[in-house]
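> My questions will all concern the structure given below.
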Protein chains: 2
Amino acid sequence: MYRDSSGKTLEDYPRPSVAVDTAVLTVPPDEALSVLLVHNKEGWRLPGTFLHENERLADAVLRSLRQKAGVTGLAPRQLKVFDEPGRDDRGWVLSVAHVDAVPASRLDLTESDARLVPVDADELRGLPYGHGEIIEAAVAALRASYEEHPDPARLLQRPFTLRELRKLHEAVAGQPLARDTFRRLMEPQLSATGQMSTGRVGKPARLFWHE
Amino acid sequence: MYRDSSGKTLEDYPRPSVAVDTAVLTVPPDEALSVLLVHNKEGWRLPGTFLHENERLADAVLRSLRQKAGVTGLAPRQLKVFDEPGRDDRGWVLSVAHVDAVPASRLDLTESDARLVPVDADELRGLPYGHGEIIEAAVAALRASYEEHPDPARLLQRPFTLRELRKLHEAVAGQPLARDTFRRLMEPQLSATGQMSTGRVGKPARLFWHE
DNA sequence: CGGGATTAGAGCATATGCGAGCTAATCAGG
DNA sequence: CCTGATTAGCTCGCATATGCTCTAATCCCG
């Protein structure tokens with residue numbers, strides 16, 4: 001075992017507990033961008049857990065989402081480390097915040113103590129442990145990733161129309177988008193299926209998918 | 001002291017050591033974008049340190065830069081947590097990578113075991129502990145911040161000419177920039193001093209500063 | 001001292017992007 | 001069955017952006 005110049009191992013020095021917290025974002029059909037909250041004895045929170053020995057951060061995230069919300073198969077991305085020493089009453093805890101976006105159809109919340117809350121809801125501002133900040137950072141990261149790409153998080157079921165894609169982007173951005181400007185930016189990045197939409201009011205639209 | 005439902009404190013659970021590593025970027029006069037390396041008994045590395053008890057990550061970064069490279073007064077920003085359990089021979093160590101950019105004049109390296117290396121140098125790819133990846137991420141973050149703003153990290157001594165600003169941007173971007181396009185993007189964000197440059201070949205240029 | 005090199009600023013022609021309006025194609029409801 | 005509502009795709013006029021060239025103003029060196 002490694003010992004430094006004063007004969008101490010790494011374990012001889014004070015170390016923080018490390019936790020992970022995750023903002024899981026989704027867009028339920030015809031609704032606003034929302035975040036997943038789970039309920040524990042203290043109230044509604046972002047899903048999270050303490051890191052187990054030699055565990056990867058992403059693995060801890062996946063474990064916490066499976067156990068707390070019955071959600072699997074995500075690909076979480078790091079956002080920021082929250083390191084205020086007094087942020088947790090239980091002791092010195094660092095939290096590594098993560099974000100992931102997932103189609104609403106992947107979130108079966110019927111048997112878990114979890115629910116979706118629109119990201120603009122007032123209640124999110126009152127969350128402790130910096131969870132409000134985590135959600136803000138997560139939304140900013142998702143918005144940045146959707147700025148110039150059709151559907152990086154694959155939130156839309158394919159194939160889709162330009163209108164469906166634009167409605168998704170408007171939900172992510174939280175504001176209306178100019179129809180033609182949006183089409184000019186996205187269409188070159190899409191692959192036309194050659195088929196047209198049916199069963200809807202209005203002129204049939206071309207159907208697309210993307211890489 | 002807090003105890004959980006099985007009577008254990010946070011300290012009863014395995015915890016990682018947490019380190020910070022920092023890519024300090026600068027642009028020496030008439031040179032390429034470079035990163036600061038310090039020398040320890042293992043070789044040339046990014047400056048870093050283990051987190052002390054209840055210390056903020058940014059404070060640890062500042063302490064390590066002061067002690068290892070004699071550098072003060074920076075404003076480090078988090079990049080990413082490196083969490084591969086086997087990344088450090090000494091034990092389970094997470095590293096929180098940071099980045100900061102600083103004018104070269106702030107780096108007095110004459111009395112410390114430190115030097116600047118251009119970010120494209122081959123030797124950086126061979127650095128252990130993910131330091132090569134940290135540098136890549138740091139360069140990407142700096143480039144993104146300079147994409148549309150004159151000098152967010154205040155690397156230029158003021159006042160400055162458009163040419164000086166463009167040369168800085170070309171060093172950060174690592175490629176030439178179109179003169180007129182660059183001027184049109186930046187000039188609206190600058191404040192003219194009303195003075196002209198002197199003592200140089202070529203038509204005198206207007207001098208600027210910015211917020 | 002003058003010419004060449006270098007640089008700056010501005011004007012102009014061309015290319016590209018944007019937003020509004022028009023035509024066309026559906027569906028729903030009376 | 002027909003009309004109105006809704007939506008799609010495209011065109012066009014206007015606005016904006018780009019890149020090149022030209023004139024002007026320095027400094028350096030022979």
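Ligands are numbered from 1 in the order shown, chains are lettered A, B, ... in the order of the structure tokens, and residues start at 1 in each chain.
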Select from chain C every residue with an atom at most 12 Å from any atom of chain B, then for each give the shortest pair of atoms and their distance in Å to one decimal, using only C-alpha atoms (C1' of nucleotides), rows by chain and rising number, as a Markdown table.


| residue | atom | partner | partner_atom | distance |
| --- | --- | --- | --- | --- |
| C:DG4 | C1' | B:Gly202 | CA | 11.8 |
| C:DA5 | C1' | B:Gly202 | CA | 8.4 |
| C:DT6 | C1' | B:Gly202 | CA | 4.9 |
| C:DT7 | C1' | B:Gly202 | CA | 4.0 |
| C:DA8 | C1' | B:Lys203 | CA | 5.4 |
| C:DG9 | C1' | B:Ala205 | CA | 8.9 |
| C:DA10 | C1' | B:Asp180 | CA | 10.8 |

> Find the residues around B:Leu165 up to 8 Å (only C-alpha atoms (C1' of nucleotides) counted), leave out those fewer than 3 positions away in its own chain, and share them as a list in words.

Pro150, Asp151, Leu156, Phe160, Thr161, Leu162, Leu168 and His169 of chain B

> Please run DSSP on the backbone and report, as a PyMOL selection string, all residues within chain A that come out as strand (DSSP E or B).

chain A and resi 17-26+34-40+43-45+48-50+77-82+93-101+114-118+160+191-196+206-209

> Generate a file of the selected residues that holds N, CA and C atoms, formatted as a compact mmCIF listing (two decimals), in the first residue's frame.


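Output below, filename selection_6.txt:
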# COMPACT_ATOMS: atom_id res chain seq x y z
N SER A 17 -17.44 12.72 1.58
CA SER A 17 -18.32 11.78 0.90
C SER A 17 -18.67 12.40 -0.44
N VAL A 18 -18.84 11.52 -1.42
CA VAL A 18 -19.17 12.02 -2.76
C VAL A 18 -20.52 11.46 -3.16
N ALA A 19 -21.42 12.35 -3.56
CA ALA A 19 -22.75 11.94 -3.99
C ALA A 19 -22.94 12.33 -5.46
N VAL A 20 -23.91 11.73 -6.08
CA VAL A 20 -24.32 12.15 -7.43
C VAL A 20 -25.80 12.53 -7.38
N ASP A 21 -26.16 13.57 -8.08
CA ASP A 21 -27.54 13.99 -8.24
C ASP A 21 -27.79 14.18 -9.72
N THR A 22 -29.00 13.82 -10.19
CA THR A 22 -29.24 13.86 -11.63
C THR A 22 -30.53 14.57 -11.98
N ALA A 23 -30.43 15.50 -12.91
CA ALA A 23 -31.62 16.12 -13.46
C ALA A 23 -31.98 15.35 -14.73
N VAL A 24 -33.06 14.56 -14.62
CA VAL A 24 -33.54 13.82 -15.79
C VAL A 24 -34.61 14.67 -16.44
N LEU A 25 -34.33 15.09 -17.66
CA LEU A 25 -35.25 15.99 -18.37
C LEU A 25 -36.02 15.23 -19.43
N THR A 26 -37.28 15.63 -19.64
CA THR A 26 -38.08 15.02 -20.69
C THR A 26 -39.14 16.01 -21.16
N SER A 34 -39.83 19.09 -18.69
CA SER A 34 -40.05 18.74 -17.28
C SER A 34 -38.88 17.97 -16.73
N VAL A 35 -38.79 17.97 -15.39
CA VAL A 35 -37.71 17.27 -14.72
C VAL A 35 -38.31 16.22 -13.77
N LEU A 36 -37.56 15.14 -13.57
CA LEU A 36 -38.00 14.04 -12.72
C LEU A 36 -37.64 14.31 -11.27
N LEU A 37 -38.63 14.21 -10.39
CA LEU A 37 -38.35 14.29 -8.96
C LEU A 37 -38.77 12.98 -8.30
N VAL A 38 -38.03 12.56 -7.27
CA VAL A 38 -38.41 11.38 -6.50
C VAL A 38 -38.68 11.80 -5.05
N HIS A 39 -39.47 10.97 -4.37
CA HIS A 39 -39.88 11.32 -3.02
C HIS A 39 -39.10 10.48 -2.01
N ASN A 40 -38.46 11.13 -1.08
CA ASN A 40 -37.90 10.38 0.05
C ASN A 40 -38.45 10.98 1.34
N GLY A 43 -38.80 14.75 1.42
CA GLY A 43 -39.62 15.47 0.45
C GLY A 43 -39.24 15.10 -0.97
N TRP A 44 -39.68 15.93 -1.91
CA TRP A 44 -39.39 15.69 -3.34
C TRP A 44 -38.00 16.23 -3.67
N ARG A 45 -37.21 15.40 -4.30
CA ARG A 45 -35.83 15.75 -4.63
C ARG A 45 -35.42 15.22 -5.99
N GLY A 48 -30.69 10.73 -6.47
CA GLY A 48 -29.26 10.80 -6.19
C GLY A 48 -28.87 9.69 -5.25
N THR A 49 -27.56 9.54 -5.07
CA THR A 49 -27.06 8.53 -4.15
C THR A 49 -25.62 8.84 -3.80
N PHE A 50 -25.12 8.19 -2.72
CA PHE A 50 -23.69 8.28 -2.42
C PHE A 50 -22.93 7.30 -3.31
N ARG A 77 -24.63 12.82 -18.28
CA ARG A 77 -23.47 13.65 -18.56
C ARG A 77 -23.23 14.54 -17.34
N GLN A 78 -21.94 14.71 -16.99
CA GLN A 78 -21.61 15.56 -15.85
C GLN A 78 -21.93 17.01 -16.12
N LEU A 79 -22.36 17.71 -15.08
CA LEU A 79 -22.60 19.15 -15.18
C LEU A 79 -21.59 19.94 -14.37
N LYS A 80 -21.55 19.69 -13.08
CA LYS A 80 -20.79 20.55 -12.17
C LYS A 80 -20.69 19.87 -10.83
N VAL A 81 -19.63 20.20 -10.08
CA VAL A 81 -19.50 19.69 -8.72
C VAL A 81 -19.94 20.77 -7.74
N PHE A 82 -20.84 20.42 -6.84
CA PHE A 82 -21.28 21.33 -5.79
C PHE A 82 -20.48 20.98 -4.54
N VAL A 93 -19.97 16.70 2.23
CA VAL A 93 -20.42 15.97 1.05
C VAL A 93 -20.22 16.81 -0.20
N LEU A 94 -19.53 16.27 -1.19
CA LEU A 94 -19.50 16.88 -2.51
C LEU A 94 -20.56 16.19 -3.35
N SER A 95 -21.24 16.97 -4.20
CA SER A 95 -22.21 16.35 -5.10
C SER A 95 -21.83 16.63 -6.55
N VAL A 96 -21.75 15.58 -7.34
CA VAL A 96 -21.47 15.74 -8.76
C VAL A 96 -22.79 15.69 -9.51
N ALA A 97 -23.20 16.85 -10.00
CA ALA A 97 -24.49 16.94 -10.67
C ALA A 97 -24.38 16.43 -12.10
N HIS A 98 -25.43 15.72 -12.52
CA HIS A 98 -25.48 15.16 -13.87
C HIS A 98 -26.79 15.58 -14.54
N VAL A 99 -26.81 15.38 -15.85
CA VAL A 99 -28.04 15.63 -16.61
C VAL A 99 -28.21 14.52 -17.62
N ASP A 100 -29.47 14.19 -17.88
CA ASP A 100 -29.77 13.32 -19.01
C ASP A 100 -31.16 13.69 -19.51
N ALA A 101 -31.37 13.51 -20.80
CA ALA A 101 -32.68 13.75 -21.38
C ALA A 101 -33.17 12.45 -21.99
N ALA A 114 -42.24 8.72 -7.90
CA ALA A 114 -41.58 9.73 -8.73
C ALA A 114 -42.62 10.49 -9.53
N ARG A 115 -42.29 11.70 -9.92
CA ARG A 115 -43.20 12.49 -10.77
C ARG A 115 -42.43 13.50 -11.59
N LEU A 116 -43.10 14.03 -12.63
CA LEU A 116 -42.49 15.02 -13.49
C LEU A 116 -43.01 16.41 -13.12
N VAL A 117 -42.11 17.38 -13.12
CA VAL A 117 -42.48 18.77 -12.80
C VAL A 117 -41.93 19.68 -13.90
N PRO A 118 -42.77 20.56 -14.46
CA PRO A 118 -42.25 21.50 -15.47
C PRO A 118 -41.09 22.30 -14.92
N PHE A 160 -40.58 11.67 -37.97
CA PHE A 160 -41.28 12.83 -37.45
C PHE A 160 -41.38 13.89 -38.54
N SER A 191 -32.87 13.34 -42.80
CA SER A 191 -33.03 12.44 -43.94
C SER A 191 -34.52 12.24 -44.20
N ALA A 192 -34.93 12.55 -45.42
CA ALA A 192 -36.34 12.39 -45.77
C ALA A 192 -36.63 10.89 -45.95
N THR A 193 -37.78 10.45 -45.42
CA THR A 193 -38.13 9.03 -45.58
C THR A 193 -38.79 8.81 -46.93
N GLY A 194 -39.25 9.89 -47.57
CA GLY A 194 -39.98 9.74 -48.83
C GLY A 194 -41.48 9.59 -48.61
N GLN A 195 -41.88 9.45 -47.35
CA GLN A 195 -43.29 9.30 -47.04
C GLN A 195 -43.88 10.60 -46.53
N MET A 196 -45.21 10.70 -46.58
CA MET A 196 -45.90 11.88 -46.09
C MET A 196 -46.74 11.49 -44.87
N ARG A 206 -43.87 16.17 -45.04
CA ARG A 206 -42.88 15.12 -45.27
C ARG A 206 -42.42 14.54 -43.94
N LEU A 207 -42.06 13.26 -43.94
CA LEU A 207 -41.57 12.60 -42.74
C LEU A 207 -40.05 12.47 -42.81
N PHE A 208 -39.40 12.68 -41.65
CA PHE A 208 -37.93 12.63 -41.60
C PHE A 208 -37.47 11.71 -40.48
N TRP A 209 -36.19 11.32 -40.59
CA TRP A 209 -35.49 10.78 -39.45
C TRP A 209 -34.09 11.38 -39.48

> Check stretch 21-68 of chain A with DSSP on the backbone and list each residue it calls alpha helix (DSSP H), as a list of chain:residue names.

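Listing alpha helix (DSSP H) positions across stretch 21-68 of chain A yields A:Leu57, A:Ala58, A:Asp59, A:Ala60, A:Val61, A:Leu62, A:Arg63, A:Ser64, A:Leu65, A:Arg66, A:Gln67, A:Lys68.
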
> In Å, with one decimal, what is the gap from atom CA of B:Ala153 to atom CA of B:Val102?

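Interatomic distance, atom CA of B:Ala153 to atom CA of B:Val102: 6.6 Å.
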
> Find the residues of chain D in contact range of chain A, meaning any atom within 8 Å when counting only C-alpha atoms (C1' of nucleotides), and list them as a PDB file with N, CA and C atoms (P, O5', C5', C4', C3', O3' and C1' of nucleotides), in the first residue's frame.


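This went into out_10.pdb:
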ATOM      1  P    DT D   6     -57.747  27.259 -36.543  1.00  0.00           P
ATOM      2  O5'  DT D   6     -56.682  26.251 -37.161  1.00  0.00           O
ATOM      3  C5'  DT D   6     -56.980  24.871 -37.180  1.00  0.00           C
ATOM      4  C4'  DT D   6     -55.979  24.136 -38.043  1.00  0.00           C
ATOM      5  C3'  DT D   6     -54.535  24.627 -37.893  1.00  0.00           C
ATOM      6  O3'  DT D   6     -53.737  23.537 -37.495  1.00  0.00           O
ATOM      7  C1'  DT D   6     -55.127  24.361 -40.170  1.00  0.00           C
ATOM      8  P    DT D   7     -52.289  23.832 -36.906  1.00  0.00           P
ATOM      9  O5'  DT D   7     -51.356  23.347 -38.108  1.00  0.00           O
ATOM     10  C5'  DT D   7     -51.512  22.037 -38.618  1.00  0.00           C
ATOM     11  C4'  DT D   7     -50.905  21.954 -39.990  1.00  0.00           C
ATOM     12  C3'  DT D   7     -49.471  22.477 -40.084  1.00  0.00           C
ATOM     13  O3'  DT D   7     -48.606  21.377 -40.277  1.00  0.00           O
ATOM     14  C1'  DT D   7     -50.820  23.145 -41.937  1.00  0.00           C
ATOM     15  P    DA D   8     -47.057  21.624 -40.580  1.00  0.00           P
ATOM     16  O5'  DA D   8     -47.001  21.685 -42.173  1.00  0.00           O
ATOM     17  C5'  DA D   8     -47.503  20.575 -42.911  1.00  0.00           C
ATOM     18  C4'  DA D   8     -47.065  20.693 -44.362  1.00  0.00           C
ATOM     19  C3'  DA D   8     -45.595  21.034 -44.533  1.00  0.00           C
ATOM     20  O3'  DA D   8     -45.085  20.214 -45.592  1.00  0.00           O
ATOM     21  C1'  DA D   8     -46.950  22.696 -45.582  1.00  0.00           C
TER      22       DA D   8
END

> Suppose you want the space between atom CA of B:Glu164 and atom CA of B:Ser197; what is it in Å?

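Rounded to one decimal, the two atoms are 11.1 Å apart.
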
> List every residue of chain A that has an atom at most 8 Å from any atom of chain B, and for each one report the closest atom pair and its distance in Å to one decimal, counting only C-alpha atoms, with rows sorted by chain and then by increasing residue number, as a Markdown table.


| residue | atom | partner | partner_atom | distance |
| --- | --- | --- | --- | --- |
| A:Met1 | CA | B:Arg90 | CA | 7.4 |
| A:Tyr2 | CA | B:Arg90 | CA | 5.3 |
| A:Arg3 | CA | B:Arg90 | CA | 8.0 |
| A:Leu10 | CA | B:Ser17 | CA | 6.9 |
| A:Glu11 | CA | B:Ser17 | CA | 7.7 |
| A:Pro14 | CA | B:Glu53 | CA | 5.5 |
| A:Arg15 | CA | B:Ser17 | CA | 5.7 |
| A:Pro16 | CA | B:Arg15 | CA | 6.7 |
| A:Ser17 | CA | B:Arg15 | CA | 5.6 |
| A:Val18 | CA | B:Arg15 | CA | 7.1 |
| A:Leu51 | CA | B:Arg15 | CA | 7.7 |
| A:His52 | CA | B:Pro14 | CA | 7.0 |
| A:Glu53 | CA | B:Pro14 | CA | 5.5 |
| A:Asn54 | CA | B:Pro85 | CA | 5.2 |
| A:Glu55 | CA | B:Pro85 | CA | 7.0 |
| A:Arg56 | CA | B:Asp83 | CA | 6.0 |
| A:Leu57 | CA | B:Asp83 | CA | 6.7 |
| A:Gln78 | CA | B:Lys80 | CA | 6.9 |
| A:Leu79 | CA | B:Lys80 | CA | 7.7 |
| A:Lys80 | CA | B:Gln78 | CA | 7.0 |
| A:Val81 | CA | B:Gln78 | CA | 7.7 |
| A:Asp83 | CA | B:Arg56 | CA | 6.0 |
| A:Glu84 | CA | B:Arg56 | CA | 6.5 |
| A:Pro85 | CA | B:Asn54 | CA | 5.3 |
| A:Asp89 | CA | B:Tyr2 | CA | 7.8 |
| A:Arg90 | CA | B:Tyr2 | CA | 5.3 |
| A:Gly91 | CA | B:Leu10 | CA | 7.0 |
| A:Trp92 | CA | B:Asn54 | CA | 6.6 |

> By how many Å are atom CA of B:Pro28 and atom CA of B:Ala104 apart?

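Computed distance, atom CA of B:Pro28 to atom CA of B:Ala104, equals 5.2 Å.
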